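Structure file data33.cif; described as mmCIF, C-alpha atoms.
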data_data
#
loop_
_atom_site.label_atom_id
_atom_site.label_comp_id
_atom_site.auth_asym_id
_atom_site.auth_seq_id
_atom_site.Cartn_x
_atom_site.Cartn_y
_atom_site.Cartn_z
CA MET A 191 0.00 0.00 0.00
CA TYR A 192 1.33 3.43 -0.97
CA LYS A 193 1.35 6.03 1.79
CA GLU A 194 1.26 9.68 0.80
CA VAL A 195 4.11 11.62 2.41
CA LEU A 196 3.34 14.69 4.52
CA VAL A 197 5.84 17.17 3.11
CA ASP A 198 7.46 20.13 4.89
CA ARG A 199 5.56 22.66 2.75
CA ARG A 200 2.20 21.26 3.90
CA ILE A 201 3.37 21.28 7.52
CA ALA A 202 4.45 24.93 7.28
CA ASP A 203 1.29 25.95 5.40
CA GLY A 204 -0.89 24.16 7.94
CA LYS A 205 0.79 26.12 10.69
CA ARG A 206 0.20 29.36 8.73
CA LEU A 207 -3.49 28.56 8.47
CA VAL A 208 -3.80 27.78 12.19
CA THR A 209 -2.05 31.06 13.01
CA ALA A 210 -4.44 32.94 10.70
CA LEU A 211 -7.45 31.25 12.31
CA ASP A 212 -6.13 32.25 15.75
CA GLU A 213 -5.61 35.83 14.59
CA ALA A 214 -9.22 35.85 13.33
CA GLY A 215 -10.34 34.98 16.87
CA LEU A 216 -11.49 31.42 16.16
CA ASN A 217 -9.72 29.98 19.23
CA VAL A 218 -8.44 26.80 17.58
CA ARG A 219 -8.44 24.04 20.21
CA ALA A 220 -7.07 21.23 18.05
CA ALA A 221 -5.09 21.31 14.83
CA PHE A 222 -3.25 18.34 13.37
CA TRP A 223 -2.55 16.46 10.20
CA TYR A 224 -4.05 12.98 10.33
CA PHE A 225 -3.36 10.15 7.92
CA ASN A 226 -6.64 8.50 6.98
CA ALA A 227 -5.55 4.97 6.11
CA ASP A 228 -8.92 4.10 4.54
CA LYS A 229 -8.62 6.92 2.01
CA GLU A 230 -4.79 6.84 1.93
CA LYS A 231 -4.75 10.60 2.37
CA TRP A 232 -3.59 13.24 4.85
CA ARG A 233 -6.28 15.58 6.21
CA LEU A 234 -5.76 18.74 8.24
CA VAL A 235 -8.14 18.38 11.18
CA LEU A 236 -9.29 21.57 12.90
CA SER A 237 -11.54 21.97 15.92
CA PHE A 238 -12.70 25.31 17.30
CA PRO A 239 -15.82 26.48 19.15
CA LEU A 240 -17.52 27.81 16.01
CA VAL A 241 -17.81 24.23 14.73
CA ASP A 242 -19.95 23.35 17.74
CA GLU A 243 -22.11 26.45 17.19
CA VAL A 244 -22.71 26.51 13.43
CA ARG A 245 -21.73 22.94 12.60
CA HIS A 246 -19.43 21.79 9.85
CA LEU A 247 -20.63 23.71 6.82
CA GLY A 248 -20.56 27.16 8.45
CA ALA A 249 -17.18 26.48 10.05
CA THR A 250 -15.74 25.20 6.78
CA GLN A 251 -16.93 28.38 5.05
CA LYS A 252 -15.11 30.45 7.68
CA VAL A 253 -11.90 28.46 7.08
CA ARG A 254 -12.34 29.02 3.34
CA ASP A 255 -12.76 32.76 3.85
CA ILE A 256 -9.56 32.93 5.86
CA LEU A 257 -7.66 30.74 3.38
CA LEU A 258 -8.58 33.22 0.64
CA THR A 259 -7.02 36.12 2.59
CA LEU A 260 -3.59 34.55 2.99
CA ASP A 261 -0.77 36.17 1.05
CA PRO A 262 1.07 34.39 -0.37
CA PRO A 263 -1.74 31.90 -0.92
CA ILE A 264 -1.46 28.34 0.32
CA ARG A 265 -0.92 26.03 -2.62
CA SER A 266 0.25 22.83 -0.90
CA PHE A 267 -3.27 21.78 0.06
CA HIS A 268 -6.87 22.70 -0.68
CA LEU A 269 -9.98 23.25 1.39
CA SER A 270 -10.99 19.69 0.49
CA ASP A 271 -7.97 18.52 2.54
CA VAL A 272 -9.32 20.27 5.64
CA LEU A 273 -11.70 18.49 7.99
CA VAL A 274 -13.46 20.55 10.68
CA GLN A 275 -14.55 18.57 13.71
CA THR A 276 -16.58 19.31 16.83
CA SER A 277 -14.95 19.17 20.25
CA GLU A 278 -16.84 15.88 20.75
CA SER A 279 -15.16 14.18 17.79
CA GLN A 280 -13.64 10.83 18.75
CA LEU A 281 -10.50 11.68 16.75
CA VAL A 282 -10.09 15.14 18.35
CA ARG A 283 -10.57 13.67 21.82
CA ALA A 284 -8.10 10.85 21.16
CA ILE A 285 -5.37 13.15 19.86
CA GLY A 286 -6.02 15.52 22.79
CA ALA A 287 -5.70 12.70 25.31
CA ARG A 288 -2.46 11.45 23.79
CA PHE A 289 -0.75 14.71 22.74
CA ARG A 290 -1.93 17.49 25.01
CA THR A 291 -0.37 20.88 24.26
CA ALA A 292 -0.71 24.32 25.78
CA PRO A 293 -3.97 25.95 24.59
CA SER A 294 -2.37 28.68 22.47
CA ALA A 295 0.96 27.03 21.63
CA LEU A 296 1.87 25.62 18.26
CA ALA A 297 3.82 22.40 18.67
CA ASP A 298 5.51 20.14 16.15
CA LEU A 299 4.73 16.64 17.41
CA GLU A 300 5.07 13.66 15.12
CA ALA A 301 2.99 10.67 16.10
CA GLY A 302 3.68 7.33 14.51
CA PRO A 303 1.33 4.39 14.86
CA THR A 304 -0.47 4.52 18.20
CA ARG A 305 -3.67 3.34 19.77
CA VAL A 306 -5.82 5.61 21.92
CA GLY A 307 -8.68 3.70 23.46
CA GLU A 308 -10.55 2.08 20.59
CA LEU A 309 -9.03 4.36 17.94
CA GLU A 310 -6.03 3.26 15.90
CA ILE A 311 -3.99 6.23 14.66
CA GLU A 312 -1.60 5.29 11.90
CA ASP A 313 0.13 8.65 11.66
CA ALA A 314 -0.40 12.24 12.76
CA TYR A 315 1.45 15.54 12.96
CA VAL A 316 0.14 17.66 15.83
CA TYR A 317 0.24 21.45 16.12
CA ARG A 318 -2.24 21.75 18.97
CA ALA A 319 -4.35 19.31 20.94
CA ALA A 320 -6.63 19.92 23.91
CA ALA A 321 -8.20 17.17 25.95
#

Conversion result in structure tokens:
Amino acid sequence: MYKEVLVDRRIADGKRLVTALDEAGLNVRAAFWYFNADKEKWRLVLSFPLVDEVRHLGATQKVRDILLTLDPPIRSFHLSDVLVQTSESQLVRAIGARFRTAPSALADLEAGPTRVGELEIEDAYVYRAAA
């Protein structure tokens, strides 16, 4: 099975997006790249209070709006690579339990294969995770 590589440019651009979301006042609680083995694809997972309030579509639109303001634009991934999740998401909770970071810090934590409760995580790259 081929595994897509998470390249440095995507890591840096993901961090730029998280910083822009923070600056827009979205209070990002969790931000990490997650390798979805079923789809053989990396997804940038974001969780912030607005997702709980307006659900996924409204929160995704807000992320899109902020992506469009970035200069230079992010070209290493697209909005379709971003997955917004509620604070109750099993994945967000699992990453938060395993890789807790300071609420406003941006970390660079690589997570190889690990199991958190019932969830098997093949690979992740964590910027921020809250339990």

Matched chain/residue IDs from the PyMOL selection byres ((chain A and resi 312-320) around 9), as a ChimeraX atom specification: /A:196,201,204-205,208,218-227,232,282-283,285-305,310-311,321

Quick one: axis-aligned box around all listed atoms of segment 290-297 of chain A, 8 Å on every side, centre and edge lengths in Å to one decimal, written as JSON.
{"center_x": -0.1, "center_y": 23.1, "center_z": 22.0, "size_x": 23.8, "size_y": 27.2, "size_z": 23.5}

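What the PyMOL selection byres ((chain A and resi 273) around 8) grabs from this file is Arg233, Leu234, Val235, Leu236, Thr250, Ser270, Asp271, Val272, Val274 and Gln275 of chain A.
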
File of the preceding selection, C-alpha atoms, as a PDB file, keeping the file's coordinate frame:
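Saved the output as part.pdb:
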ATOM      1  CA  ARG A 233      -6.280  15.580   6.210  1.00  0.00           C
ATOM      2  CA  LEU A 234      -5.760  18.740   8.240  1.00  0.00           C
ATOM      3  CA  VAL A 235      -8.140  18.380  11.180  1.00  0.00           C
ATOM      4  CA  LEU A 236      -9.290  21.570  12.900  1.00  0.00           C
ATOM      5  CA  THR A 250     -15.740  25.200   6.780  1.00  0.00           C
ATOM      6  CA  SER A 270     -10.990  19.690   0.490  1.00  0.00           C
ATOM      7  CA  ASP A 271      -7.970  18.520   2.540  1.00  0.00           C
ATOM      8  CA  VAL A 272      -9.320  20.270   5.640  1.00  0.00           C
ATOM      9  CA  VAL A 274     -13.460  20.550  10.680  1.00  0.00           C
ATOM     10  CA  GLN A 275     -14.550  18.570  13.710  1.00  0.00           C
TER      11      GLN A 275
END

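Counting from atom CA of Leu257 of chain A, the distance to atom CA of Ala214 of chain A is 11.3 Å.
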
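Closest approach to Ser279 of chain A among A:Lys229, A:His246, A:Arg265, A:Arg254: A:His246, based on all atoms listed in the file.
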
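Using only C-alpha atoms, the nearest neighbour of Leu247 of chain A within the list A:Lys231, A:Ile264, A:Leu269, A:Gly307 is A:Leu269.
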
Selection result for the PyMOL selection byres ((chain A and resi 256) around 12) on this file, as a ChimeraX atom specification: /A:206-216,249-255,257-261,263-264,269

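For the pair atom CA of Val306 of chain A and atom CA of Ser277 of chain A, the interatomic distance is 16.4 Å.
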
Coordinates-based distance that separates atom CA of Gln280 of chain A from atom CA of Ser237 of chain A (Å, one decimal): 11.7 Å
